[in-house]
Protein chains: 2
Amino acid sequence: MGTITFAQYGLVYNALSFTIAVMFAATVFSFLARSQVAPAYRTAMTITGIVTLIAGYHYVRIFNSWESAFIVEGDVIRLSNIAFNDAYRYVDWLLTVPLLLVELILVMRLSRAETVSKSVRLGLLAALMVILGYPGEIAIDHGTRWLFFGLSMVPFTFIVIELFFGLRRSIASQPVEARGLINGACWLTIASWSFYPVVVVFPMLGIDGGTANTAVQIGYTIADIVAKAVLGVLIYMIAVRKSEADGYYADTAVPATSRA
Amino acid sequence: MGTITFAQYGLVYNALSFTIAVMFAATVFSFLARSQVAPAYRTAMTITGIVTLIAGYHYVRIFNSWESAFIVEGDVIRLSNIAFNDAYRYVDWLLTVPLLLVELILVMRLSRAETVSKSVRLGLLAALMVILGYPGEIAIDHGTRWLFFGLSMVPFTFIVIELFFGLRRSIASQPVEARGLINGACWLTIASWSFYPVVVVFPMLGIDGGTANTAVQIGYTIADIVAKAVLGVLIYMIAVRKSEADGYYADTAVPATSRA
């Protein structure tokens, strides 16, 4: 980790604190909103809240690790002798990335057999992607970084194909009023996940230490907020629309029968 | 940050601690009161509680930052070499100010299309206002402060116009017993938000360092309590009146039919 300026240190510091607030707020939202969707979609809401809860925990750890990796004296920043722990992000993703796919599968409400097979297949691919990405992240020489970057792109590509042609094909069986949102959720997942490999290559593009490091931290943070908290709101909206399509109106005092 | 007196240090210190208590108390109130309003208003109560939860988290951070920015020896206050982190307030507002507008829109219970379009438009304007305000807050020269003050007043003006002529126009479609309160909530929002730009200009009015700094901290704190916790109580009262107007009586053992 190279030396950074006071402004770069502060930017990452404040972005990490912001993300702690976002993740715990999203968690509370998912757990409270859970009772407002039909029982069939409550597991999706539970998983959504658990993803942001796990991320919130890791952002507390990342924040503390960032704080103790530097010594701040006035507006001068020096490295302390405690290294910033890069592994927290990968430990987080190892848990949350498979769960993000599971929440997407659960809110589609496919058959039980499909739900289990898709969850296991996509979940294992996602875990493999994260495990293969880590040696690239911590490698110093660019050769090793590119090697593991390439390797982790293999499961990533399979997941994208599955999201595009597998999950999105199931959209035809979804209620009309939820299709746009489900399509949006698949696209948001692909777009936000594409951010991670882009962030990994920052240091290989010749951007210098401190700036590259700041760009990596801010990039991962934005990608995490979009992939977890923003996706969570979409999952909730999908669950509400599908609940209504099923004749379940939680957000009204009028019974479903009299609205049909 | 200039030197301050022991009395000024203590005043801000105690005001920050007071606000931590207020924000977490308001959070618990909103989450518990949520079950006493009709399901249609529960998301408004959820967002209300999340706003004060996020603010409570940031006030803990602000309190700790304030404490570590000074060295107290008896009744002598010296600056430590750790700068007070002004950014926490802006990071907080970036999240809470858009959400405050969303809770106001949700409790009005407009059509789904109107709810989404108003939330997105007002939410983005609010985020823009906060982002444009920050460079003014941290600038040292008065020219830059006035410039960004002026820039952030542009989205602020649009929000005020929308609250006055957009949201308040919808009041005609609200139940009679809730109209006064909704009008009050719009006015409270405008009044408490007007406080922030006033606070920003304190240092430009020639008030000296320590006094200006204390005035800024106390001013922001009062504005936050009114805009978040007091507004939250109003949102709850509106939700209760509207629930009753819908025939939903949670706060009584008497069934709705016998009260109609």
# chains A, B, ... in the order shown; residues from 1 in each chain; ligands from 1

$ interface_residues --of "chain A" --to "chain B" --cutoff "10 Å" --atoms "only C-alpha atoms" --output "PDB file with C-alpha atoms, in the first residue's frame"
ATOM      1  CA  GLY A  10     -10.299  11.275   4.270  1.00  0.00           C
ATOM      2  CA  LEU A  11     -12.282  10.353   1.167  1.00  0.00           C
ATOM      3  CA  TYR A  13     -12.476   7.075   5.546  1.00  0.00           C
ATOM      4  CA  ASN A  14     -15.759   8.921   4.974  1.00  0.00           C
ATOM      5  CA  ALA A  15     -16.881   6.558   2.200  1.00  0.00           C
ATOM      6  CA  SER A  17     -18.327   5.238   7.339  1.00  0.00           C
ATOM      7  CA  PHE A  18     -21.088   6.148   4.859  1.00  0.00           C
ATOM      8  CA  THR A  19     -21.275   2.506   3.774  1.00  0.00           C
ATOM      9  CA  ILE A  20     -21.585   1.248   7.359  1.00  0.00           C
ATOM     10  CA  ALA A  21     -24.657   3.501   7.709  1.00  0.00           C
ATOM     11  CA  VAL A  22     -26.078   2.369   4.345  1.00  0.00           C
ATOM     12  CA  PHE A  24     -27.229  -1.316   8.531  1.00  0.00           C
ATOM     13  CA  ALA A  25     -30.057   0.969   7.346  1.00  0.00           C
ATOM     14  CA  ALA A  26     -30.743  -1.416   4.445  1.00  0.00           C
ATOM     15  CA  THR A  27     -30.732  -4.363   6.874  1.00  0.00           C
ATOM     16  CA  VAL A  28     -33.336  -2.768   9.146  1.00  0.00           C
ATOM     17  CA  PHE A  29     -35.433  -1.877   6.102  1.00  0.00           C
ATOM     18  CA  SER A  30     -35.406  -5.455   4.750  1.00  0.00           C
ATOM     19  CA  LEU A  32     -39.157  -4.603   8.766  1.00  0.00           C
ATOM     20  CA  ALA A  33     -40.453  -4.691   5.172  1.00  0.00           C
ATOM     21  CA  SER A  35     -43.894  -8.523   7.008  1.00  0.00           C
ATOM     22  CA  GLN A  36     -45.314  -6.401   4.157  1.00  0.00           C
ATOM     23  CA  VAL A  72      -2.504  10.982  11.011  1.00  0.00           C
ATOM     24  CA  GLU A  73      -0.596  14.009  12.297  1.00  0.00           C
ATOM     25  CA  GLY A  74      -2.355  17.216  11.347  1.00  0.00           C
ATOM     26  CA  ASP A  75      -2.701  16.854   7.592  1.00  0.00           C
ATOM     27  CA  TYR A 249     -52.277  -6.672  -0.330  1.00  0.00           C
ATOM     28  CA  ALA A 250     -50.220  -5.978   2.763  1.00  0.00           C
ATOM     29  CA  ASP A 251     -50.145  -2.222   2.335  1.00  0.00           C
ATOM     30  CA  THR A 252     -53.849  -1.667   2.545  1.00  0.00           C
ATOM     31  CA  ALA A 253     -56.516  -2.160   5.145  1.00  0.00           C
ATOM     32  CA  VAL A 254     -58.930  -3.299   2.434  1.00  0.00           C
TER      33      VAL A 254
END

$ residues_around --residues "stretch 177-191 of chain B" --least-positions-apart "3" --cutoff "9 Å" --atoms "only C-alpha atoms" --output "PyMOL selection string"
chain B and resi 100-101+104+107-108+159-160+163-164+167-168+171-172+174+194-195+226-228+230-231+234-235+237-242+245

$ select_by_dssp --residues "stretch 64-256 of chain B" --states "helix (DSSP H, G or I)" --output "ChimeraX atom specification"
/B:64-68,87-108,112-138,142-173,176-205,209-245,256

$ select_by_dssp --residues "stretch 4-87 of chain A" --states "strand (DSSP E)" --output "PDB file with all heavy atoms, in the first residue's frame"
ATOM      1  N   PHE A  70      -2.874   3.750   9.123  1.00  0.00           N
ATOM      2  CA  PHE A  70      -2.225   5.051   8.903  1.00  0.00           C
ATOM      3  C   PHE A  70      -2.069   5.802  10.219  1.00  0.00           C
ATOM      4  O   PHE A  70      -2.844   5.609  11.150  1.00  0.00           O
ATOM      5  CB  PHE A  70      -3.063   5.911   7.940  1.00  0.00           C
ATOM      6  CG  PHE A  70      -3.230   5.286   6.583  1.00  0.00           C
ATOM      7  CD1 PHE A  70      -4.367   4.555   6.279  1.00  0.00           C
ATOM      8  CD2 PHE A  70      -2.241   5.416   5.620  1.00  0.00           C
ATOM      9  CE1 PHE A  70      -4.517   3.957   5.037  1.00  0.00           C
ATOM     10  CE2 PHE A  70      -2.382   4.828   4.371  1.00  0.00           C
ATOM     11  CZ  PHE A  70      -3.521   4.096   4.083  1.00  0.00           C
ATOM     12  N   ILE A  71      -1.053   6.650  10.249  1.00  0.00           N
ATOM     13  CA  ILE A  71      -0.891   7.564  11.371  1.00  0.00           C
ATOM     14  C   ILE A  71      -1.149   8.972  10.844  1.00  0.00           C
ATOM     15  O   ILE A  71      -0.538   9.398   9.862  1.00  0.00           O
ATOM     16  CB  ILE A  71       0.525   7.460  11.971  1.00  0.00           C
ATOM     17  CG1 ILE A  71       0.725   6.056  12.568  1.00  0.00           C
ATOM     18  CG2 ILE A  71       0.759   8.534  13.031  1.00  0.00           C
ATOM     19  CD1 ILE A  71       2.172   5.691  12.816  1.00  0.00           C
ATOM     20  N   VAL A  72      -2.120   9.647  11.459  1.00  0.00           N
ATOM     21  CA  VAL A  72      -2.504  10.982  11.011  1.00  0.00           C
ATOM     22  C   VAL A  72      -1.927  12.009  11.974  1.00  0.00           C
ATOM     23  O   VAL A  72      -2.205  11.953  13.175  1.00  0.00           O
ATOM     24  CB  VAL A  72      -4.048  11.128  10.973  1.00  0.00           C
ATOM     25  CG1 VAL A  72      -4.444  12.481  10.417  1.00  0.00           C
ATOM     26  CG2 VAL A  72      -4.670  10.006  10.160  1.00  0.00           C
ATOM     27  N   GLU A  73      -1.106  12.912  11.459  1.00  0.00           N
ATOM     28  CA  GLU A  73      -0.596  14.009  12.297  1.00  0.00           C
ATOM     29  C   GLU A  73      -0.890  15.306  11.581  1.00  0.00           C
ATOM     30  O   GLU A  73      -0.218  15.641  10.596  1.00  0.00           O
ATOM     31  CB  GLU A  73       0.899  13.842  12.555  1.00  0.00           C
ATOM     32  CG  GLU A  73       1.179  12.879  13.702  1.00  0.00           C
ATOM     33  CD  GLU A  73       2.614  12.347  13.692  1.00  0.00           C
ATOM     34  OE1 GLU A  73       3.320  12.568  12.698  1.00  0.00           O
ATOM     35  OE2 GLU A  73       2.988  11.704  14.674  1.00  0.00           O
ATOM     36  N   VAL A  76      -0.737  15.407   7.701  1.00  0.00           N
ATOM     37  CA  VAL A  76       0.290  14.514   7.161  1.00  0.00           C
ATOM     38  C   VAL A  76      -0.110  13.064   7.472  1.00  0.00           C
ATOM     39  O   VAL A  76      -0.482  12.746   8.597  1.00  0.00           O
ATOM     40  CB  VAL A  76       1.681  14.824   7.776  1.00  0.00           C
ATOM     41  CG1 VAL A  76       2.729  13.840   7.260  1.00  0.00           C
ATOM     42  CG2 VAL A  76       2.078  16.255   7.467  1.00  0.00           C
ATOM     43  N   ILE A  77      -0.062  12.217   6.445  1.00  0.00           N
ATOM     44  CA  ILE A  77      -0.457  10.813   6.607  1.00  0.00           C
ATOM     45  C   ILE A  77       0.777   9.931   6.421  1.00  0.00           C
ATOM     46  O   ILE A  77       1.468  10.022   5.401  1.00  0.00           O
ATOM     47  CB  ILE A  77      -1.499  10.420   5.531  1.00  0.00           C
ATOM     48  CG1 ILE A  77      -2.693  11.362   5.545  1.00  0.00           C
ATOM     49  CG2 ILE A  77      -1.915   8.968   5.679  1.00  0.00           C
ATOM     50  CD1 ILE A  77      -3.651  11.152   6.666  1.00  0.00           C
ATOM     51  N   ARG A  78       1.058   9.079   7.406  1.00  0.00           N
ATOM     52  CA  ARG A  78       2.142   8.109   7.282  1.00  0.00           C
ATOM     53  C   ARG A  78       1.549   6.718   7.447  1.00  0.00           C
ATOM     54  O   ARG A  78       0.530   6.544   8.116  1.00  0.00           O
ATOM     55  CB  ARG A  78       3.191   8.325   8.386  1.00  0.00           C
ATOM     56  CG  ARG A  78       3.989   9.612   8.231  1.00  0.00           C
ATOM     57  CD  ARG A  78       5.124   9.687   9.246  1.00  0.00           C
ATOM     58  NE  ARG A  78       4.655   9.717  10.627  1.00  0.00           N
ATOM     59  CZ  ARG A  78       4.922   8.788  11.550  1.00  0.00           C
ATOM     60  NH1 ARG A  78       5.633   7.721  11.221  1.00  0.00           N
ATOM     61  NH2 ARG A  78       4.465   8.915  12.785  1.00  0.00           N
ATOM     62  N   LEU A  79       2.229   5.717   6.852  1.00  0.00           N
ATOM     63  CA  LEU A  79       1.814   4.332   7.071  1.00  0.00           C
ATOM     64  C   LEU A  79       2.189   3.933   8.495  1.00  0.00           C
ATOM     65  O   LEU A  79       3.290   4.238   8.952  1.00  0.00           O
ATOM     66  CB  LEU A  79       2.529   3.404   6.087  1.00  0.00           C
ATOM     67  CG  LEU A  79       2.018   3.366   4.649  1.00  0.00           C
ATOM     68  CD1 LEU A  79       2.942   2.512   3.796  1.00  0.00           C
ATOM     69  CD2 LEU A  79       0.599   2.805   4.614  1.00  0.00           C
TER      70      LEU A  79
END

$ atom_distance --atom1 "atom CA of B:Leu122" --atom2 "atom CA of B:Val60"
27.9 Å

$ residues_around --residues "A:Ala126" --least-positions-apart "4" --cutoff "12 Å" --atoms "only C-alpha atoms" --output "PyMOL selection string"
chain A and resi 90+93-102+118-122+130-133+152-160+162+193

$ atom_distance --atom1 "atom CA of A:Arg145" --atom2 "atom CA of A:Ala7"
28.0 Å

$ atom_distance --atom1 "atom CA of B:Leu151" --atom2 "atom CA of B:Val200"
13.1 Å

$ residues_around --residues "B:Val216" --least-positions-apart "4" --cutoff "7 Å" --atoms "only C-alpha atoms" --output "mmCIF file with all heavy atoms, in the first residue's frame"
data_model
loop_
_atom_site.group_PDB
_atom_site.id
_atom_site.type_symbol
_atom_site.label_atom_id
_atom_site.label_comp_id
_atom_site.auth_asym_id
_atom_site.auth_seq_id
_atom_site.Cartn_x
_atom_site.Cartn_y
_atom_site.Cartn_z
ATOM 1 N N VAL B 199 -26.897 28.687 9.212
ATOM 2 C CA VAL B 199 -25.753 28.264 10.028
ATOM 3 C C VAL B 199 -24.455 28.370 9.222
ATOM 4 O O VAL B 199 -23.430 28.800 9.731
ATOM 5 C CB VAL B 199 -25.975 26.815 10.534
ATOM 6 C CG1 VAL B 199 -24.703 26.255 11.158
ATOM 7 C CG2 VAL B 199 -27.122 26.783 11.539
ATOM 8 N N PHE B 202 -22.802 31.804 9.293
ATOM 9 C CA PHE B 202 -22.271 32.332 10.572
ATOM 10 C C PHE B 202 -20.816 32.797 10.444
ATOM 11 O O PHE B 202 -20.497 33.936 10.799
ATOM 12 C CB PHE B 202 -22.351 31.275 11.680
ATOM 13 C CG PHE B 202 -23.707 31.143 12.323
ATOM 14 C CD1 PHE B 202 -23.963 30.099 13.219
ATOM 15 C CD2 PHE B 202 -24.735 32.047 12.064
ATOM 16 C CE1 PHE B 202 -25.209 29.954 13.820
ATOM 17 C CE2 PHE B 202 -25.984 31.911 12.664
ATOM 18 C CZ PHE B 202 -26.216 30.860 13.544
ATOM 19 N N ALA B 212 -17.976 31.182 16.472
ATOM 20 C CA ALA B 212 -18.622 30.781 15.213
ATOM 21 C C ALA B 212 -18.728 29.265 15.144
ATOM 22 O O ALA B 212 -19.776 28.711 14.795
ATOM 23 C CB ALA B 212 -17.818 31.303 14.022
ATOM 24 N N TYR B 220 -26.518 23.303 13.781
ATOM 25 C CA TYR B 220 -26.760 22.077 13.027
ATOM 26 C C TYR B 220 -27.483 21.047 13.890
ATOM 27 O O TYR B 220 -28.366 20.319 13.419
ATOM 28 C CB TYR B 220 -25.441 21.463 12.552
ATOM 29 C CG TYR B 220 -24.819 22.119 11.342
ATOM 30 C CD1 TYR B 220 -23.451 22.051 11.110
ATOM 31 C CD2 TYR B 220 -25.602 22.794 10.405
ATOM 32 C CE1 TYR B 220 -22.865 22.632 9.992
ATOM 33 C CE2 TYR B 220 -25.027 23.375 9.283
ATOM 34 C CZ TYR B 220 -23.658 23.291 9.080
ATOM 35 O OH TYR B 220 -23.090 23.855 7.978
#

$ residues_around --residues "A:Phe84" --least-positions-apart "2" --cutoff "9 Å" --atoms "only C-alpha atoms" --output "list in words"
Met1, Ile62, Ser65, Trp66, Glu67, Ser68, Ala69, Phe70, Ile82, Asp86 and Ala87 of chain A

$ write_last_selection --atoms "N, CA and C atoms" --output "mmCIF file, in the first residue's frame"
data_model
loop_
_atom_site.group_PDB
_atom_site.id
_atom_site.type_symbol
_atom_site.label_atom_id
_atom_site.label_comp_id
_atom_site.auth_asym_id
_atom_site.auth_seq_id
_atom_site.Cartn_x
_atom_site.Cartn_y
_atom_site.Cartn_z
ATOM 1 N N MET A 1 0.835 -1.204 0.000
ATOM 2 C CA MET A 1 0.000 0.000 0.000
ATOM 3 C C MET A 1 0.869 1.253 0.000
ATOM 4 N N ILE A 62 -13.394 -3.156 8.039
ATOM 5 C CA ILE A 62 -12.574 -2.481 7.024
ATOM 6 C C ILE A 62 -12.260 -1.057 7.488
ATOM 7 N N SER A 65 -9.664 -1.209 10.162
ATOM 8 C CA SER A 65 -8.372 -1.595 9.573
ATOM 9 C C SER A 65 -7.754 -0.409 8.827
ATOM 10 N N TRP A 66 -8.586 0.350 8.117
ATOM 11 C CA TRP A 66 -8.126 1.540 7.394
ATOM 12 C C TRP A 66 -7.564 2.572 8.377
ATOM 13 N N GLU A 67 -8.308 2.779 9.476
ATOM 14 C CA GLU A 67 -7.894 3.771 10.472
ATOM 15 C C GLU A 67 -6.546 3.392 11.089
ATOM 16 N N SER A 68 -6.352 2.084 11.374
ATOM 17 C CA SER A 68 -5.115 1.702 12.070
ATOM 18 C C SER A 68 -3.956 1.449 11.111
ATOM 19 N N ALA A 69 -4.205 1.509 9.801
ATOM 20 C CA ALA A 69 -3.117 1.324 8.829
ATOM 21 C C ALA A 69 -2.332 2.618 8.615
ATOM 22 N N PHE A 70 -2.874 3.750 9.123
ATOM 23 C CA PHE A 70 -2.225 5.051 8.903
ATOM 24 C C PHE A 70 -2.069 5.802 10.219
ATOM 25 N N ILE A 82 0.959 -1.485 10.875
ATOM 26 C CA ILE A 82 -0.114 -2.489 10.773
ATOM 27 C C ILE A 82 -0.674 -2.413 9.351
ATOM 28 N N ASP A 86 -6.716 -6.452 3.338
ATOM 29 C CA ASP A 86 -7.484 -6.605 2.096
ATOM 30 C C ASP A 86 -8.460 -7.770 2.149
ATOM 31 N N ALA A 87 -8.158 -8.753 2.997
ATOM 32 C CA ALA A 87 -8.923 -10.007 2.981
ATOM 33 C C ALA A 87 -10.374 -9.823 3.409
#

$ closest_residue --among "A:Ala127, A:Met23, A:Leu147, A:Ile4" --to "A:Ile222" --atoms "only C-alpha atoms"
A:Met23
